[in-house]
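A.B. asks: For reference, the structure I am asking about is given below.
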Amino acid sequence: MSELDAFLVRGHEKVIEHYRRLRDSSSSDEERRALQTRIDRELSALSLYAPAEQRRAA
């Protein structure tokens, strides 16, 4: 994995963890669904850069 790919993977992992914390502390179902959608999008984007065994946040 190139340095740029590793940088992108770390960025996606950080975003996913942030969204998970927000989702877990949200007060409404609507907000939880919206955040889960964002998490799913980030996981999809992450899969372009890292094979499944290299992903820590998934």
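Residues in the structure tokens are numbered from 1 in each chain, the chains being A, B, ... in the order shown, and ligands are numbered from 1 in the order shown.
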Identify, on the basis of only C-alpha atoms, every residue whose closest approach to stretch 6-23 of chain A does not exceed 7 Å; exclude the query and any residue fewer than 2 positions from it along the same chain; express the result as a ChimeraX atom specification.
C.D. replies: /A:1-4,25-26,32,35,39,42,46,49-50,57
A.B. asks: Per DSSP on the backbone, what are the alpha helix (DSSP H) residues of chain A, as a PyMOL selection string?
C.D. replies: chain A and resi 3-25+29-47
